[in-house]
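Shown next: query.txt, given as compact mmCIF, C-alpha atoms and all ligand atoms.
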```txt
# COMPACT_ATOMS: atom_id res chain seq x y z
CA MET A 23 -44.04 2.93 -28.95
CA LEU A 24 -40.86 1.67 -30.57
CA LYS A 25 -37.33 2.98 -30.31
CA VAL A 26 -36.31 3.72 -33.89
CA ASN A 27 -32.73 4.38 -35.01
CA GLU A 28 -33.55 5.49 -38.57
CA ILE A 29 -36.08 5.21 -41.38
CA PHE A 30 -34.69 5.59 -44.87
CA HIS A 31 -35.26 4.77 -48.53
CA SER A 32 -32.64 2.83 -50.44
CA ILE A 33 -31.96 -0.12 -52.69
CA GLN A 34 -32.34 -3.46 -50.96
CA GLY A 35 -28.76 -4.69 -50.84
CA GLU A 36 -29.24 -8.25 -49.61
CA SER A 37 -31.32 -11.41 -50.04
CA SER A 38 -33.22 -12.54 -53.14
CA HIS A 39 -34.92 -9.14 -53.14
CA ALA A 40 -31.58 -7.37 -53.75
CA GLY A 41 -31.84 -4.52 -56.21
CA ARG A 42 -35.41 -3.52 -55.31
CA PRO A 43 -36.27 -0.10 -53.93
CA CYS A 44 -37.06 -0.57 -50.24
CA VAL A 45 -37.88 1.43 -47.13
CA PHE A 46 -35.79 0.42 -44.12
CA VAL A 47 -37.03 0.77 -40.57
CA ARG A 48 -34.02 0.27 -38.33
CA LEU A 49 -34.91 -0.37 -34.70
CA THR A 50 -32.58 0.42 -31.82
CA GLY A 51 -30.88 -2.26 -29.72
CA CYS A 52 -29.12 -5.57 -30.21
CA ASN A 53 -28.56 -8.51 -27.87
CA LEU A 54 -25.43 -9.59 -29.79
CA ARG A 55 -22.02 -8.02 -30.42
CA CYS A 56 -20.66 -9.49 -33.66
CA THR A 57 -16.99 -8.79 -34.37
CA TYR A 58 -17.81 -7.46 -37.86
CA CYS A 59 -20.91 -5.43 -36.93
CA ASP A 60 -21.47 -2.50 -39.31
CA THR A 61 -24.42 -0.97 -37.45
CA GLU A 62 -23.03 -0.39 -33.97
CA TYR A 63 -24.66 3.04 -34.07
CA ALA A 64 -28.00 1.19 -33.72
CA PHE A 65 -27.10 -0.33 -30.34
CA TYR A 66 -28.32 2.67 -28.33
CA GLU A 67 -29.14 5.67 -30.58
CA GLY A 68 -32.76 6.28 -31.47
CA GLU A 69 -36.00 8.03 -30.65
CA ASP A 70 -39.31 6.73 -29.38
CA MET A 71 -41.92 6.73 -32.11
CA ALA A 72 -45.58 5.74 -32.14
CA GLU A 73 -46.68 3.13 -34.69
CA ASP A 74 -48.74 5.76 -36.57
CA GLU A 75 -45.71 8.02 -36.88
CA ILE A 76 -43.58 5.18 -38.29
CA LEU A 77 -46.33 4.25 -40.76
CA GLU A 78 -46.60 7.87 -41.87
CA GLN A 79 -42.86 8.14 -42.54
CA VAL A 80 -42.82 4.83 -44.41
CA ALA A 81 -45.81 5.85 -46.56
CA ALA A 82 -44.05 9.06 -47.63
CA PHE A 83 -41.59 7.00 -49.72
CA LYS A 84 -44.38 5.42 -51.84
CA THR A 85 -42.50 2.12 -52.02
CA PRO A 86 -44.23 -1.27 -51.61
CA LEU A 87 -41.29 -3.12 -49.99
CA VAL A 88 -40.37 -2.45 -46.34
CA GLU A 89 -37.61 -4.10 -44.33
CA VAL A 90 -37.61 -4.04 -40.56
CA THR A 91 -34.04 -4.39 -39.35
CA GLY A 92 -31.67 -3.40 -36.56
CA GLY A 93 -29.78 -4.00 -34.42
CA GLU A 94 -32.00 -6.91 -33.52
CA PRO A 95 -35.57 -5.84 -34.27
CA LEU A 96 -37.13 -8.73 -32.33
CA MET A 97 -35.84 -7.27 -29.05
CA GLN A 98 -38.81 -4.87 -29.05
CA ALA A 99 -42.21 -6.53 -28.58
CA GLY A 100 -43.89 -3.73 -30.51
CA VAL A 101 -42.26 -4.93 -33.73
CA ILE A 102 -44.85 -7.72 -34.09
CA PRO A 103 -47.90 -5.40 -34.27
CA LEU A 104 -45.87 -3.02 -36.46
CA MET A 105 -45.23 -5.75 -39.03
CA ALA A 106 -48.88 -6.87 -38.85
CA ARG A 107 -49.95 -3.30 -39.53
CA LEU A 108 -47.55 -2.91 -42.47
CA LEU A 109 -48.93 -6.13 -43.98
CA ALA A 110 -52.51 -4.96 -43.43
CA ASP A 111 -51.62 -1.74 -45.24
CA GLY A 112 -50.54 -3.81 -48.26
CA TYR A 113 -46.74 -3.69 -47.95
CA GLU A 114 -44.42 -6.60 -48.64
CA VAL A 115 -42.54 -6.87 -45.37
CA MET A 116 -39.06 -8.24 -44.77
CA LEU A 117 -37.46 -8.87 -41.39
CA GLU A 118 -33.69 -9.21 -40.88
CA THR A 119 -32.97 -11.01 -37.63
CA GLY A 120 -29.79 -12.35 -36.04
CA GLY A 121 -30.90 -15.94 -35.42
CA SER A 122 -30.83 -15.79 -31.62
CA LEU A 123 -34.45 -14.89 -30.79
CA PRO A 124 -37.66 -16.84 -31.56
CA VAL A 125 -39.60 -15.88 -34.68
CA SER A 126 -42.76 -17.80 -33.75
CA ASP A 127 -44.82 -14.60 -33.25
CA VAL A 128 -43.76 -13.04 -36.57
CA PRO A 129 -46.65 -13.06 -39.07
CA ALA A 130 -46.16 -15.87 -41.60
CA GLU A 131 -46.42 -13.48 -44.57
CA VAL A 132 -43.26 -11.63 -43.49
CA PHE A 133 -40.13 -12.61 -45.47
CA LYS A 134 -37.66 -13.48 -42.75
CA ILE A 135 -33.92 -13.35 -43.35
CA VAL A 136 -32.30 -15.28 -40.52
CA ASP A 137 -28.63 -14.43 -40.11
CA PHE A 138 -27.28 -17.38 -38.16
CA LYS A 139 -23.92 -16.46 -36.69
CA THR A 140 -20.71 -18.01 -37.98
CA PRO A 141 -17.70 -18.66 -35.69
CA SER A 142 -15.80 -15.49 -36.72
CA SER A 143 -18.68 -13.35 -35.42
CA GLY A 144 -17.88 -14.55 -31.89
CA MET A 145 -21.62 -15.07 -31.38
CA GLU A 146 -22.08 -18.63 -32.68
CA LYS A 147 -23.17 -19.99 -29.31
CA HIS A 148 -26.26 -17.76 -29.45
CA ASN A 149 -27.70 -19.46 -32.56
CA LEU A 150 -31.22 -20.67 -31.86
CA TRP A 151 -31.58 -23.49 -34.38
CA SER A 152 -35.17 -24.25 -33.35
CA ILE A 153 -36.05 -21.15 -35.40
CA LEU A 154 -35.84 -23.45 -38.44
CA ASP A 155 -39.09 -25.13 -37.33
CA ASP A 156 -40.92 -21.81 -37.58
CA LEU A 157 -39.74 -20.76 -41.05
CA ALA A 158 -41.79 -20.83 -44.25
CA GLY A 159 -40.42 -21.70 -47.68
CA HIS A 160 -40.11 -18.01 -48.64
CA ASP A 161 -37.81 -17.30 -45.69
CA GLU A 162 -34.06 -17.16 -46.30
CA ILE A 163 -31.03 -18.12 -44.27
CA LYS A 164 -27.87 -16.06 -44.33
CA PHE A 165 -24.33 -16.82 -43.24
CA VAL A 166 -21.74 -14.03 -43.13
CA ILE A 167 -18.47 -15.70 -44.07
CA GLY A 168 -15.26 -14.16 -42.74
CA ASP A 169 -12.73 -16.87 -43.54
CA ARG A 170 -12.28 -20.46 -44.66
CA ALA A 171 -13.20 -21.82 -41.22
CA ASP A 172 -16.55 -19.98 -41.43
CA PHE A 173 -17.11 -21.40 -44.91
CA ASP A 174 -16.44 -24.97 -43.78
CA TRP A 175 -18.65 -24.52 -40.73
CA ALA A 176 -21.53 -23.00 -42.76
CA THR A 177 -21.20 -25.70 -45.42
CA ALA A 178 -21.53 -28.35 -42.71
CA GLN A 179 -24.67 -26.62 -41.36
CA VAL A 180 -26.18 -26.48 -44.85
CA ARG A 181 -25.52 -30.16 -45.48
CA GLN A 182 -26.33 -31.58 -42.04
CA ARG A 183 -29.53 -29.58 -41.63
CA GLY A 184 -30.63 -29.85 -45.29
CA LEU A 185 -31.07 -26.07 -45.38
CA THR A 186 -31.12 -25.65 -49.16
CA GLN A 187 -33.91 -28.20 -49.55
CA ARG A 188 -36.40 -25.70 -48.16
CA HIS A 189 -34.78 -22.27 -48.26
CA THR A 190 -32.61 -19.99 -50.28
CA VAL A 191 -29.30 -19.91 -48.42
CA LEU A 192 -27.13 -16.81 -48.77
CA PHE A 193 -23.35 -16.80 -48.25
CA SER A 194 -22.14 -13.24 -47.82
CA PRO A 195 -18.42 -12.37 -47.48
CA THR A 196 -17.53 -10.10 -44.57
CA PHE A 197 -17.15 -6.74 -46.30
CA GLY A 198 -13.49 -5.74 -46.63
CA ASP A 199 -12.21 -8.95 -45.00
CA LEU A 200 -12.92 -11.77 -47.43
CA ASP A 201 -12.48 -11.33 -51.19
CA PRO A 202 -15.76 -12.27 -52.94
CA GLN A 203 -13.69 -14.02 -55.63
CA GLU A 204 -12.28 -16.34 -53.01
CA LEU A 205 -15.71 -17.15 -51.61
CA ALA A 206 -17.07 -17.68 -55.14
CA GLY A 207 -14.27 -20.18 -55.80
CA TRP A 208 -15.02 -22.11 -52.60
CA ILE A 209 -18.76 -22.27 -53.40
CA LEU A 210 -18.07 -23.55 -56.92
CA ALA A 211 -15.49 -26.09 -55.79
CA ALA A 212 -17.89 -27.46 -53.16
CA ALA A 213 -20.77 -27.53 -55.71
CA LEU A 214 -22.90 -25.98 -52.99
CA PRO A 215 -26.40 -24.81 -54.07
CA VAL A 216 -26.21 -21.54 -52.13
CA ARG A 217 -26.42 -17.98 -53.39
CA LEU A 218 -23.35 -15.72 -53.21
CA GLN A 219 -24.54 -12.42 -51.81
CA LEU A 220 -22.68 -9.16 -52.12
CA GLN A 221 -23.96 -6.20 -50.14
CA LEU A 222 -25.16 -4.17 -53.11
CA HIS A 223 -25.60 -0.93 -51.15
CA LYS A 224 -21.91 -1.01 -50.17
CA ILE A 225 -20.92 -1.36 -53.83
CA ILE A 226 -23.22 1.42 -55.04
CA TRP A 227 -22.43 3.91 -52.29
CA ASP A 228 -19.53 4.65 -49.96
CA PRO A 229 -19.61 1.66 -47.57
CA SER A 230 -19.17 3.92 -44.55
CA LEU A 231 -22.31 5.96 -45.32
CA ARG A 232 -25.35 5.59 -43.09
CA GLY A 233 -28.92 5.67 -44.34
CA VAL A 234 -28.24 4.08 -47.74
S1 LIG B 301 -26.68 -9.10 -34.82
FE1 LIG B 301 -26.40 -7.53 -36.41
S2 LIG B 301 -26.63 -5.57 -35.34
FE2 LIG B 301 -26.32 -7.15 -33.76
S3 LIG B 301 -24.12 -7.10 -33.38
FE3 LIG B 301 -24.49 -8.68 -34.92
S4 LIG B 301 -24.20 -7.64 -36.91
FE4 LIG B 301 -24.46 -6.04 -35.33
```
Mind converting the file's structure to C-alpha cells?
Amino acid sequence: MLKVNEIFHSIQGESSHAGRPCVFVRLTGCNLRCTYCDTEYAFYEGEDMAEDEILEQVAAFKTPLVEVTGGEPLMQAGVIPLMARLLADGYEVMLETGGSLPVSDVPAEVFKIVDFKTPSSGMEKHNLWSILDDLAGHDEIKFVIGDRADFDWATAQVRQRGLTQRHTVLFSPTFGDLDPQELAGWILAAALPVRLQLQLHKIIWDPSLRGV
C-alpha cells in the first residue's frame, strides 16, 4: 500500500523531458519544508492505494511516460517496487526527489531528477551529496534558484563537483520570485553549461491550479 496524494495527466513541465505528455503519481509526505514549496497540500493529504489500483489508474491515461513525485516519494518504501513494476510494464519512469534521501535502491532505469536544496530553501543542510555516487548519466540535477546568493552557491557546486561533466544540470528560478530574464543573464555571463528551466505547466495553466 502507498499513500497517494493525486494521480493526474499533464504536460511534463520540468527536466529535459519537458513538453512531453506524462502521468504524475504524487505520493503523500515530505521530510523537508522548503520556503518556496508549491505542493504543501501533499504533506498530509492522500489515500491508501494498492499497487494494482495505482497501475490501473496510470494505465487509463495511455501515456508511456510516468513521473513519481511528491512531497518526497522516497519516504515510502513501497515506491521502489512500484517503480520496478511500472518499468516492467514498459513505462519510462521518472522520479523527482529532494536530494536528502538515498537513491541506491531506485532501479537504474528510472530517470532521477535530484533537486538539491539551495540556501534560500532553508533546507540546504539536508543535502545528501553521496547521492551523486549512485546516479547514472541519464539522471539530472536541479537547483531552484531564488536569488543571486543561490545562483553563486549553485554555480560553485556545479564547478567544484564537476556536475555538468556527467549530468544535465537544471537551474530553475523560484516561480514568482526571480525573473527568468535575470537568471538567464547570470547563466550567460558565467558561461555556465547548465540548462535554464522554466516550469512549463505554470506558464500553460494558472500556476495556482492543482493536478496540471
Ligand atoms: S522537498 Fe519538495 S515537496 Fe518537500 S518541502 Fe521541498 S519543495 Fe516541498
Counting all atoms listed in the file, write as a PDB file with C-alpha atoms, keeping the file's coordinate frame all protein and nucleic acid residues lying at most 12 Å from (-33.4, 4.3, -50.9) in the file's frame.
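For reference, part-v1.pdb as written:
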```
ATOM      1  CA  ILE A  29     -36.080   5.210 -41.380  1.00  0.00           C
ATOM      2  CA  PHE A  30     -34.690   5.590 -44.870  1.00  0.00           C
ATOM      3  CA  HIS A  31     -35.260   4.770 -48.530  1.00  0.00           C
ATOM      4  CA  SER A  32     -32.640   2.830 -50.440  1.00  0.00           C
ATOM      5  CA  ILE A  33     -31.960  -0.120 -52.690  1.00  0.00           C
ATOM      6  CA  GLN A  34     -32.340  -3.460 -50.960  1.00  0.00           C
ATOM      7  CA  GLY A  35     -28.760  -4.690 -50.840  1.00  0.00           C
ATOM      8  CA  GLY A  41     -31.840  -4.520 -56.210  1.00  0.00           C
ATOM      9  CA  ARG A  42     -35.410  -3.520 -55.310  1.00  0.00           C
ATOM     10  CA  PRO A  43     -36.270  -0.100 -53.930  1.00  0.00           C
ATOM     11  CA  CYS A  44     -37.060  -0.570 -50.240  1.00  0.00           C
ATOM     12  CA  VAL A  45     -37.880   1.430 -47.130  1.00  0.00           C
ATOM     13  CA  PHE A  46     -35.790   0.420 -44.120  1.00  0.00           C
ATOM     14  CA  VAL A  47     -37.030   0.770 -40.570  1.00  0.00           C
ATOM     15  CA  VAL A  80     -42.820   4.830 -44.410  1.00  0.00           C
ATOM     16  CA  PHE A  83     -41.590   7.000 -49.720  1.00  0.00           C
ATOM     17  CA  LYS A  84     -44.380   5.420 -51.840  1.00  0.00           C
ATOM     18  CA  THR A  85     -42.500   2.120 -52.020  1.00  0.00           C
ATOM     19  CA  LEU A  87     -41.290  -3.120 -49.990  1.00  0.00           C
ATOM     20  CA  VAL A  88     -40.370  -2.450 -46.340  1.00  0.00           C
ATOM     21  CA  GLU A  89     -37.610  -4.100 -44.330  1.00  0.00           C
ATOM     22  CA  HIS A 223     -25.600  -0.930 -51.150  1.00  0.00           C
ATOM     23  CA  ILE A 226     -23.220   1.420 -55.040  1.00  0.00           C
ATOM     24  CA  TRP A 227     -22.430   3.910 -52.290  1.00  0.00           C
ATOM     25  CA  ARG A 232     -25.350   5.590 -43.090  1.00  0.00           C
ATOM     26  CA  GLY A 233     -28.920   5.670 -44.340  1.00  0.00           C
ATOM     27  CA  VAL A 234     -28.240   4.080 -47.740  1.00  0.00           C
TER      28      VAL A 234
END
```
For the contact check between chain A and ligand LIG 301 (chain B), emit one row per residue of chain A within 7 Å, containing the shortest atom pair and the distance in Å rounded to one decimal, counting only C-alpha atoms and all ligand atoms, chain then rising number order, as a Markdown table.
```
| residue | atom | partner | partner_atom | distance |
| --- | --- | --- | --- | --- |
| A:Cys52 | CA | B:LIG301 | FE2 | 4.8 |
| A:Asn53 | CA | B:LIG301 | FE2 | 6.4 |
| A:Leu54 | CA | B:LIG301 | S3 | 4.6 |
| A:Arg55 | CA | B:LIG301 | S3 | 3.7 |
| A:Cys56 | CA | B:LIG301 | FE3 | 4.1 |
| A:Tyr58 | CA | B:LIG301 | S4 | 6.5 |
| A:Cys59 | CA | B:LIG301 | FE4 | 3.9 |
| A:Asp60 | CA | B:LIG301 | FE4 | 6.1 |
| A:Thr61 | CA | B:LIG301 | FE4 | 5.5 |
| A:Glu62 | CA | B:LIG301 | FE4 | 6.0 |
| A:Gly92 | CA | B:LIG301 | S2 | 5.6 |
| A:Gly93 | CA | B:LIG301 | S2 | 3.6 |
| A:Glu94 | CA | B:LIG301 | FE2 | 5.7 |
| A:Gly120 | CA | B:LIG301 | S1 | 4.7 |
```
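Using only C-alpha atoms for every distance, the candidate list A:Val125, A:Val26, A:Ala213, A:Leu205 yields A:Val26 as the residue closest to A:Glu67.
Between atom CA of A:Ile167 and atom CA of A:Pro141 lies a distance of 8.9 Å.
Interatomic distance, atom CA of A:Ala171 to atom CA of A:Asp201: 14.5 Å.
Between atom CA of A:Phe65 and atom CA of A:Leu24 the interatomic distance comes to 13.9 Å.
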For stretch 108-118 of chain A, take all atoms listed in the file, fit an axis-aligned box around them, add 5 Å to each of the six sides, then output centre and edge lengths in Å rounded to one decimal, as lines of an AutoDock Vina configuration file.
```
center_x = -43.1
center_y = -5.5
center_z = -44.8
size_x = 28.8
size_y = 17.5
size_z = 17.8
```
Need to verify the contact set: A:Val101, 9 Å, all atoms listed in the file, exclusion of same-chain residues closer than 3 positions in sequence. Can you return it as an MDAnalysis selection string? chainID A and resid 24 49 90 95:98 104:106 128
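With all atoms listed in the file as the atoms that count, the residue of A:Gln221, A:Ser37, A:Glu204, A:Gly68 with the shortest distance to A:Lys134 is A:Ser37.
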